[in-house]
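What follows is a set of notes on a single structure, which appears directly below.
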Amino acid sequence: MIADLRLQNFRSYTDDLFEFEPGVNIVVGPNASGKTNLLESLLVLARGSSYRAKDAELIQFDKPWARLDAHLQTGNERAFKLVQDPILSKTYEIDGKTYKRLTLTHSLPVVLFEPNHLLLLSGPPDGRRAYLDDLLEQTITGYGTLRRQYRRTLSQRNALLKHGAPNHTKLFPWNVRLSQLAGQIVRYRHQLAEQMNGKIGELYKSLSHTKTETGLLYDARWPIDAYESSLLKKLEANAAIDAERGFTSYGPHREDLLVLFDGHPAQETASRGEARTLVLGLKVLELEIVKESRDTTPLLLLDDVFSELDGGRRKALTSYLRDYQTFITTTDADVVIQNFTETAHIIPLGS
């Protein structure tokens with residue numbers, strides 16, 4: 001749990017200090033008052049990157065550097081620093097030691113719930129792929145590296161394709177490497193989807209008060225145990241078509257997470273209310289999975305999403321928040337406060 005946080009030249013903050021409580025912290029203020037920037041700083045401090053901006057955009061305009069400094073409830077200290085001189089550099093300081101990259105071991109477990117997540121079902125597949133990958137980065141050592149390696153390899157193959165039909169000798173090593181990395185990614189995604197599938201059914205019923213049967217299925221293009229060889233054959237056979245299109249047509253970057261309601265794709269049939277209840281269930285599962293895998297209680301960040309839920313869903317969400325240090329941004333504190341019986345810590349921000 002984070003006890004306090006100082007922000008220097010970070011987004012809209014020149015030099016500000018905030019103190020937090022172990023329970024629910026409500027950040028209230030009008031639009032453009034810096035609520036989301038404060039929440040974003042907590043995510044950056046915990047995980048090392050933003051969910052909505054590149055690193056360079058985190059530095060306040062016309063400033064050469066930005067810095068975050070925090071004390072944890074345990075007494076530990078951690079800091080994050082960005083310097084533009086002239087190339088952007090990023091460093092982390094944890095209990096006096098400096099690191100260039102934030103590994104899973106040194107990150108803080110955190111779960112973010114923001115308005116775009118409410119479109120998880122109705123939005124395009126890349127949002128659902130990112131949802132799985134972001135969760136895997138927080139729970140599987142080395143998955144972040146695997147994810148970056150796949151992206152780089154895919155980018156290299158696509159670069160060759162965009163220059164016309166490459167000869168087999170040039171393309172084959174990238175086909176092999178992409179297939180190897182893809183097989184690992186797909187297996188991790190499949191395992192996570194199966195883990196969540198085993199829990200989402202009963203959780204959705206309790207949240208929705210219905211008997212709707214729900215399920216999650218990772219929609220891999222080929223059987224998991226033969227994925228690498230199947231993808232390699234397809235990449236080889238499809239090289240000419242990919243060259244015409246200028247991109248790689250097959251692989252985990254083109255697959256999807258399917259959500260089923262009574263055996264039918266929820267992406268096609270779910271109402272707005274059903275979709276929001278399902279996403280709420282996924283976020284509750286995410287909290288449980290991160291807590292279990294990291295053996296540490298994660299921070300929960302709710303960015304302007306509480307008011308997007310109706311009374312029943314708000315009540316359902318608050319029942320799961322008791323064990324977590326929670327940060328909620330809102331323009332209307334009363335909407336949030338009335339849902340908590342315990343005292344919430346209010347952090348007012350001006351315009």
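The chains in the structure tokens are called A, B, ... from first to last as shown; in each chain the residues are counted from 1, and the ligands are counted from 1 in the order shown.
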Compile the contact shell of Thr296 in chain A as number ranges by chain: residues with an atom at most 12 Å away, counting only C-alpha atoms, same-chain residues fewer than 2 positions apart removed. A: 1, 105, 107-110, 138-139, 287-294, 298-299, 323-325
Expected answer as a PDB file with C-alpha atoms, in the first residue's frame: alpha helix (DSSP H) residues in range 253-308 of chain A:
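The new file states.pdb reads:
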ATOM      1  CA  ALA A 266     -21.606 -12.460 -26.055  1.00  0.00           C
ATOM      2  CA  GLN A 267     -19.805 -10.022 -28.345  1.00  0.00           C
ATOM      3  CA  GLU A 268     -22.819 -10.344 -30.673  1.00  0.00           C
ATOM      4  CA  THR A 269     -25.727 -10.868 -28.264  1.00  0.00           C
ATOM      5  CA  ARG A 272     -25.148  -3.060 -22.494  1.00  0.00           C
ATOM      6  CA  GLY A 273     -25.994  -4.097 -18.924  1.00  0.00           C
ATOM      7  CA  GLU A 274     -24.879  -7.690 -19.439  1.00  0.00           C
ATOM      8  CA  ALA A 275     -21.605  -6.533 -20.976  1.00  0.00           C
ATOM      9  CA  ARG A 276     -20.863  -4.219 -18.051  1.00  0.00           C
ATOM     10  CA  THR A 277     -21.649  -6.941 -15.534  1.00  0.00           C
ATOM     11  CA  LEU A 278     -19.333  -9.337 -17.369  1.00  0.00           C
ATOM     12  CA  VAL A 279     -16.502  -6.766 -17.447  1.00  0.00           C
ATOM     13  CA  LEU A 280     -17.023  -6.101 -13.739  1.00  0.00           C
ATOM     14  CA  GLY A 281     -16.702  -9.849 -13.165  1.00  0.00           C
ATOM     15  CA  LEU A 282     -13.483  -9.954 -15.183  1.00  0.00           C
ATOM     16  CA  LYS A 283     -12.015  -7.145 -13.081  1.00  0.00           C
ATOM     17  CA  VAL A 284     -12.913  -8.957  -9.859  1.00  0.00           C
ATOM     18  CA  LEU A 285     -11.265 -12.089 -11.260  1.00  0.00           C
ATOM     19  CA  GLU A 286      -8.227 -10.035 -12.217  1.00  0.00           C
ATOM     20  CA  LEU A 287      -7.883  -8.861  -8.604  1.00  0.00           C
ATOM     21  CA  GLU A 288      -8.078 -12.442  -7.338  1.00  0.00           C
ATOM     22  CA  ILE A 289      -5.623 -13.813  -9.932  1.00  0.00           C
ATOM     23  CA  VAL A 290      -3.039 -11.076  -9.341  1.00  0.00           C
ATOM     24  CA  LYS A 291      -3.348 -11.440  -5.575  1.00  0.00           C
ATOM     25  CA  GLU A 292      -2.980 -15.220  -5.751  1.00  0.00           C
ATOM     26  CA  SER A 293      -0.079 -15.292  -8.213  1.00  0.00           C
ATOM     27  CA  ARG A 294       1.895 -12.473  -6.591  1.00  0.00           C
TER      28      ARG A 294
END
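If you count only C-alpha atoms and ignore residues fewer than 3 places along the chain from His71 in chain A, what sits within 7 Å of it is A:Ile2, A:Ala3, A:Asp4, A:Leu5, A:Gly75, A:Asn76, A:Glu77, A:Arg78.
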Hey, can you spit out that residue selection with N, CA and C atoms as a JSON list (two decimals), in the first residue's frame?
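As a result, result-v3.json now contains:
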[["chain", "number", "residue", "atom", "x", "y", "z"],
["A", 2, "ILE", "N", 0.42, 2.27, -0.73],
["A", 2, "ILE", "CA", 1.20, 3.49, -0.87],
["A", 2, "ILE", "C", 0.76, 4.50, 0.18],
["A", 3, "ALA", "N", 1.71, 5.03, 0.95],
["A", 3, "ALA", "CA", 1.41, 5.98, 2.02],
["A", 3, "ALA", "C", 1.39, 7.41, 1.50],
["A", 4, "ASP", "N", 2.33, 7.75, 0.63],
["A", 4, "ASP", "CA", 2.35, 9.10, 0.07],
["A", 4, "ASP", "C", 3.06, 9.10, -1.28],
["A", 5, "LEU", "N", 2.84, 10.16, -2.04],
["A", 5, "LEU", "CA", 3.40, 10.26, -3.37],
["A", 5, "LEU", "C", 3.69, 11.72, -3.71],
["A", 75, "GLY", "N", 7.19, 1.12, 4.83],
["A", 75, "GLY", "CA", 8.39, 1.91, 5.05],
["A", 75, "GLY", "C", 9.35, 1.89, 3.87],
["A", 76, "ASN", "N", 9.08, 1.03, 2.90],
["A", 76, "ASN", "CA", 9.92, 0.98, 1.70],
["A", 76, "ASN", "C", 9.72, 2.24, 0.85],
["A", 77, "GLU", "N", 10.76, 2.54, 0.04],
["A", 77, "GLU", "CA", 10.69, 3.71, -0.83],
["A", 77, "GLU", "C", 10.87, 3.28, -2.28],
["A", 78, "ARG", "N", 10.24, 4.00, -3.17],
["A", 78, "ARG", "CA", 10.44, 3.76, -4.60],
["A", 78, "ARG", "C", 10.26, 5.06, -5.37]]
Contact residues around Leu68 in chain A with only C-alpha atoms at 8 Å, ignoring same-chain residues under 5 positions, as an mmCIF file with C-alpha atoms, in the first residue's frame:
data_model
loop_
_atom_site.group_PDB
_atom_site.id
_atom_site.type_symbol
_atom_site.label_atom_id
_atom_site.label_comp_id
_atom_site.auth_asym_id
_atom_site.auth_seq_id
_atom_site.Cartn_x
_atom_site.Cartn_y
_atom_site.Cartn_z
ATOM 1 C CA LEU A 5 3.403 10.258 -3.373
ATOM 2 C CA ARG A 6 5.287 13.303 -4.648
ATOM 3 C CA LEU A 7 4.936 14.320 -8.305
ATOM 4 C CA GLN A 8 7.438 16.643 -9.964
ATOM 5 C CA PHE A 10 4.672 14.941 -14.161
ATOM 6 C CA SER A 41 1.184 8.341 -11.783
ATOM 7 C CA LEU A 45 5.104 4.042 -10.219
ATOM 8 C CA ALA A 79 10.935 6.388 -7.284
ATOM 9 C CA PHE A 80 10.517 6.782 -11.031
ATOM 10 C CA LYS A 81 12.463 9.285 -13.132
#
Contacts between range 15-37 of chain A and range 280-339 of chain A, please, where a residue of range 280-339 of chain A counts if it comes within 6 Å (with only C-alpha atoms); show its shortest atom pair and distance in Å to one decimal, rows by chain and ascending number, as a tab-separated table.
residue	atom	partner	partner_atom	distance
A:Gln325	CA	A:Gly23	CA	4.7
A:Thr326	CA	A:Val24	CA	4.7
A:Phe327	CA	A:Asn25	CA	4.8
A:Ile328	CA	A:Ile26	CA	4.8
A:Thr329	CA	A:Val27	CA	4.6
A:Thr330	CA	A:Val28	CA	5.1
A:Thr331	CA	A:Gly29	CA	5.1
A:Ala333	CA	A:Val28	CA	5.9
Could those selected residues go to a file with C-alpha atoms, as a PDB file, in the first residue's frame?
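Listed below is the output, selection_22.pdb:
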ATOM      1  CA  GLN A 325      -6.183  -0.090  -1.222  1.00  0.00           C
ATOM      2  CA  THR A 326      -8.440   1.600  -3.764  1.00  0.00           C
ATOM      3  CA  PHE A 327      -8.148   4.877  -5.657  1.00  0.00           C
ATOM      4  CA  ILE A 328     -11.322   6.216  -7.303  1.00  0.00           C
ATOM      5  CA  THR A 329     -11.536   9.331  -9.476  1.00  0.00           C
ATOM      6  CA  THR A 330     -14.871  11.104  -9.797  1.00  0.00           C
ATOM      7  CA  THR A 331     -16.462  14.478 -10.419  1.00  0.00           C
ATOM      8  CA  ALA A 333     -17.835  12.386  -4.496  1.00  0.00           C
TER       9      ALA A 333
END
Selection near Leu146 in chain A, 12 Å with only C-alpha atoms, sequence-local residues under 2 positions removed, as a ChimeraX atom specification: /A:133,136-137,140-144,148-153,177-178,180-186,188
Store the residues picked out above in a file with N, CA and C atoms, as a PDB file, in the first residue's frame.
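Okay, part02.pdb is ready:
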ATOM      1  N   ASP A 133      -2.877 -10.132 -22.262  1.00  0.00           N
ATOM      2  CA  ASP A 133      -1.426  -9.938 -22.214  1.00  0.00           C
ATOM      3  C   ASP A 133      -1.008  -9.078 -21.028  1.00  0.00           C
ATOM      4  N   LEU A 136      -1.155 -11.258 -17.991  1.00  0.00           N
ATOM      5  CA  LEU A 136      -0.052 -12.220 -18.004  1.00  0.00           C
ATOM      6  C   LEU A 136       1.277 -11.552 -17.636  1.00  0.00           C
ATOM      7  N   GLU A 137       1.472 -10.306 -18.053  1.00  0.00           N
ATOM      8  CA  GLU A 137       2.697  -9.594 -17.686  1.00  0.00           C
ATOM      9  C   GLU A 137       2.813  -9.433 -16.184  1.00  0.00           C
ATOM     10  N   ILE A 140       3.163 -13.656 -14.858  1.00  0.00           N
ATOM     11  CA  ILE A 140       4.105 -14.634 -15.401  1.00  0.00           C
ATOM     12  C   ILE A 140       5.470 -13.969 -15.606  1.00  0.00           C
ATOM     13  N   THR A 141       6.478 -14.442 -14.891  1.00  0.00           N
ATOM     14  CA  THR A 141       7.826 -13.901 -15.050  1.00  0.00           C
ATOM     15  C   THR A 141       8.315 -14.114 -16.480  1.00  0.00           C
ATOM     16  N   GLY A 142       8.779 -13.057 -17.107  1.00  0.00           N
ATOM     17  CA  GLY A 142       9.314 -13.147 -18.460  1.00  0.00           C
ATOM     18  C   GLY A 142       8.303 -12.928 -19.561  1.00  0.00           C
ATOM     19  N   TYR A 143       6.999 -12.822 -19.212  1.00  0.00           N
ATOM     20  CA  TYR A 143       6.011 -12.660 -20.281  1.00  0.00           C
ATOM     21  C   TYR A 143       6.144 -11.313 -20.977  1.00  0.00           C
ATOM     22  N   GLY A 144       6.498 -10.271 -20.234  1.00  0.00           N
ATOM     23  CA  GLY A 144       6.690  -8.971 -20.849  1.00  0.00           C
ATOM     24  C   GLY A 144       7.784  -9.007 -21.903  1.00  0.00           C
ATOM     25  N   ARG A 148       7.372  -8.425 -25.998  1.00  0.00           N
ATOM     26  CA  ARG A 148       8.171  -7.466 -26.770  1.00  0.00           C
ATOM     27  C   ARG A 148       8.935  -8.158 -27.901  1.00  0.00           C
ATOM     28  N   GLN A 149       9.453  -9.349 -27.637  1.00  0.00           N
ATOM     29  CA  GLN A 149      10.174 -10.097 -28.675  1.00  0.00           C
ATOM     30  C   GLN A 149       9.251 -10.455 -29.840  1.00  0.00           C
ATOM     31  N   TYR A 150       8.026 -10.834 -29.516  1.00  0.00           N
ATOM     32  CA  TYR A 150       7.069 -11.169 -30.574  1.00  0.00           C
ATOM     33  C   TYR A 150       6.765  -9.932 -31.423  1.00  0.00           C
ATOM     34  N   ARG A 151       6.538  -8.801 -30.761  1.00  0.00           N
ATOM     35  CA  ARG A 151       6.244  -7.571 -31.496  1.00  0.00           C
ATOM     36  C   ARG A 151       7.391  -7.179 -32.423  1.00  0.00           C
ATOM     37  N   ARG A 152       8.629  -7.284 -31.923  1.00  0.00           N
ATOM     38  CA  ARG A 152       9.792  -6.924 -32.740  1.00  0.00           C
ATOM     39  C   ARG A 152       9.932  -7.865 -33.937  1.00  0.00           C
ATOM     40  N   THR A 153       9.744  -9.161 -33.689  1.00  0.00           N
ATOM     41  CA  THR A 153       9.859 -10.144 -34.771  1.00  0.00           C
ATOM     42  C   THR A 153       8.768  -9.933 -35.809  1.00  0.00           C
ATOM     43  N   ARG A 177      11.185 -17.963 -36.172  1.00  0.00           N
ATOM     44  CA  ARG A 177      11.223 -17.246 -34.894  1.00  0.00           C
ATOM     45  C   ARG A 177       9.830 -16.804 -34.471  1.00  0.00           C
ATOM     46  N   LEU A 178       9.056 -16.290 -35.405  1.00  0.00           N
ATOM     47  CA  LEU A 178       7.704 -15.841 -35.080  1.00  0.00           C
ATOM     48  C   LEU A 178       6.845 -17.008 -34.601  1.00  0.00           C
ATOM     49  N   GLN A 180       7.873 -19.796 -33.125  1.00  0.00           N
ATOM     50  CA  GLN A 180       8.328 -20.213 -31.798  1.00  0.00           C
ATOM     51  C   GLN A 180       7.759 -19.310 -30.703  1.00  0.00           C
ATOM     52  N   LEU A 181       7.858 -18.007 -30.904  1.00  0.00           N
ATOM     53  CA  LEU A 181       7.342 -17.053 -29.918  1.00  0.00           C
ATOM     54  C   LEU A 181       5.827 -17.125 -29.835  1.00  0.00           C
ATOM     55  N   ALA A 182       5.178 -17.301 -30.984  1.00  0.00           N
ATOM     56  CA  ALA A 182       3.719 -17.365 -31.016  1.00  0.00           C
ATOM     57  C   ALA A 182       3.190 -18.544 -30.213  1.00  0.00           C
ATOM     58  N   GLY A 183       3.849 -19.681 -30.338  1.00  0.00           N
ATOM     59  CA  GLY A 183       3.414 -20.863 -29.600  1.00  0.00           C
ATOM     60  C   GLY A 183       3.425 -20.633 -28.099  1.00  0.00           C
ATOM     61  N   GLN A 184       4.467 -19.947 -27.598  1.00  0.00           N
ATOM     62  CA  GLN A 184       4.548 -19.658 -26.166  1.00  0.00           C
ATOM     63  C   GLN A 184       3.434 -18.711 -25.737  1.00  0.00           C
ATOM     64  N   ILE A 185       3.199 -17.661 -26.517  1.00  0.00           N
ATOM     65  CA  ILE A 185       2.160 -16.688 -26.185  1.00  0.00           C
ATOM     66  C   ILE A 185       0.782 -17.345 -26.154  1.00  0.00           C
ATOM     67  N   VAL A 186       0.489 -18.145 -27.159  1.00  0.00           N
ATOM     68  CA  VAL A 186      -0.822 -18.776 -27.255  1.00  0.00           C
ATOM     69  C   VAL A 186      -1.065 -19.737 -26.089  1.00  0.00           C
ATOM     70  N   TYR A 188       0.210 -19.543 -23.039  1.00  0.00           N
ATOM     71  CA  TYR A 188      -0.060 -18.741 -21.840  1.00  0.00           C
ATOM     72  C   TYR A 188      -1.468 -18.148 -21.873  1.00  0.00           C
TER      73      TYR A 188
END
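Atom pair CA of Asn158 in chain A / CA of Phe247 in chain A: separated by 5.0 Å.
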Could you go through range 81-249 of chain A and tell me which residues DSSP, when run on the backbone, assigns to strand (DSSP E), listing them as a VMD selection string? chain A and resid 81 to 84 88 to 94 97 to 99 110 to 113 214 to 219
Could the residues in this selection be saved with C-alpha atoms as a compact mmCIF listing (two decimals), in the first residue's frame?
# COMPACT_ATOMS: atom_id res chain seq x y z
CA LYS A 81 12.46 9.29 -13.13
CA LEU A 82 12.33 10.36 -16.78
CA VAL A 83 15.06 12.56 -18.25
CA GLN A 84 15.08 14.08 -21.75
CA LEU A 88 14.77 9.95 -23.20
CA SER A 89 16.03 7.77 -20.36
CA LYS A 90 14.02 6.04 -17.65
CA THR A 91 15.22 4.84 -14.25
CA TYR A 92 13.66 3.30 -11.16
CA GLU A 93 14.90 3.59 -7.59
CA ILE A 94 13.76 0.98 -5.09
CA LYS A 97 19.00 0.84 -5.64
CA THR A 98 18.71 2.04 -9.25
CA TYR A 99 17.29 -0.07 -12.07
CA VAL A 110 -2.03 -3.23 -9.60
CA VAL A 111 -5.42 -3.58 -11.32
CA LEU A 112 -6.79 -0.72 -13.41
CA PHE A 113 -10.46 -0.26 -14.31
CA THR A 214 -21.14 -17.73 -19.18
CA GLY A 215 -17.81 -18.98 -20.45
CA LEU A 216 -14.46 -17.80 -21.78
CA LEU A 217 -12.64 -19.40 -24.69
CA TYR A 218 -9.34 -18.42 -26.26
CA ASP A 219 -10.00 -18.74 -29.99
Rank A:Leu301, A:Leu207, A:Ile224, A:Trp174 by their smallest atom-to-atom distance to Arg314 in chain A, using only C-alpha atoms, and report the top residue only.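 Result for the nearest residue to Arg314 in chain A: A:Leu207.
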Atomic separation - CA of Gly263 in chain A relative to CA of Lys315 in chain A, Å: 28.1 Å
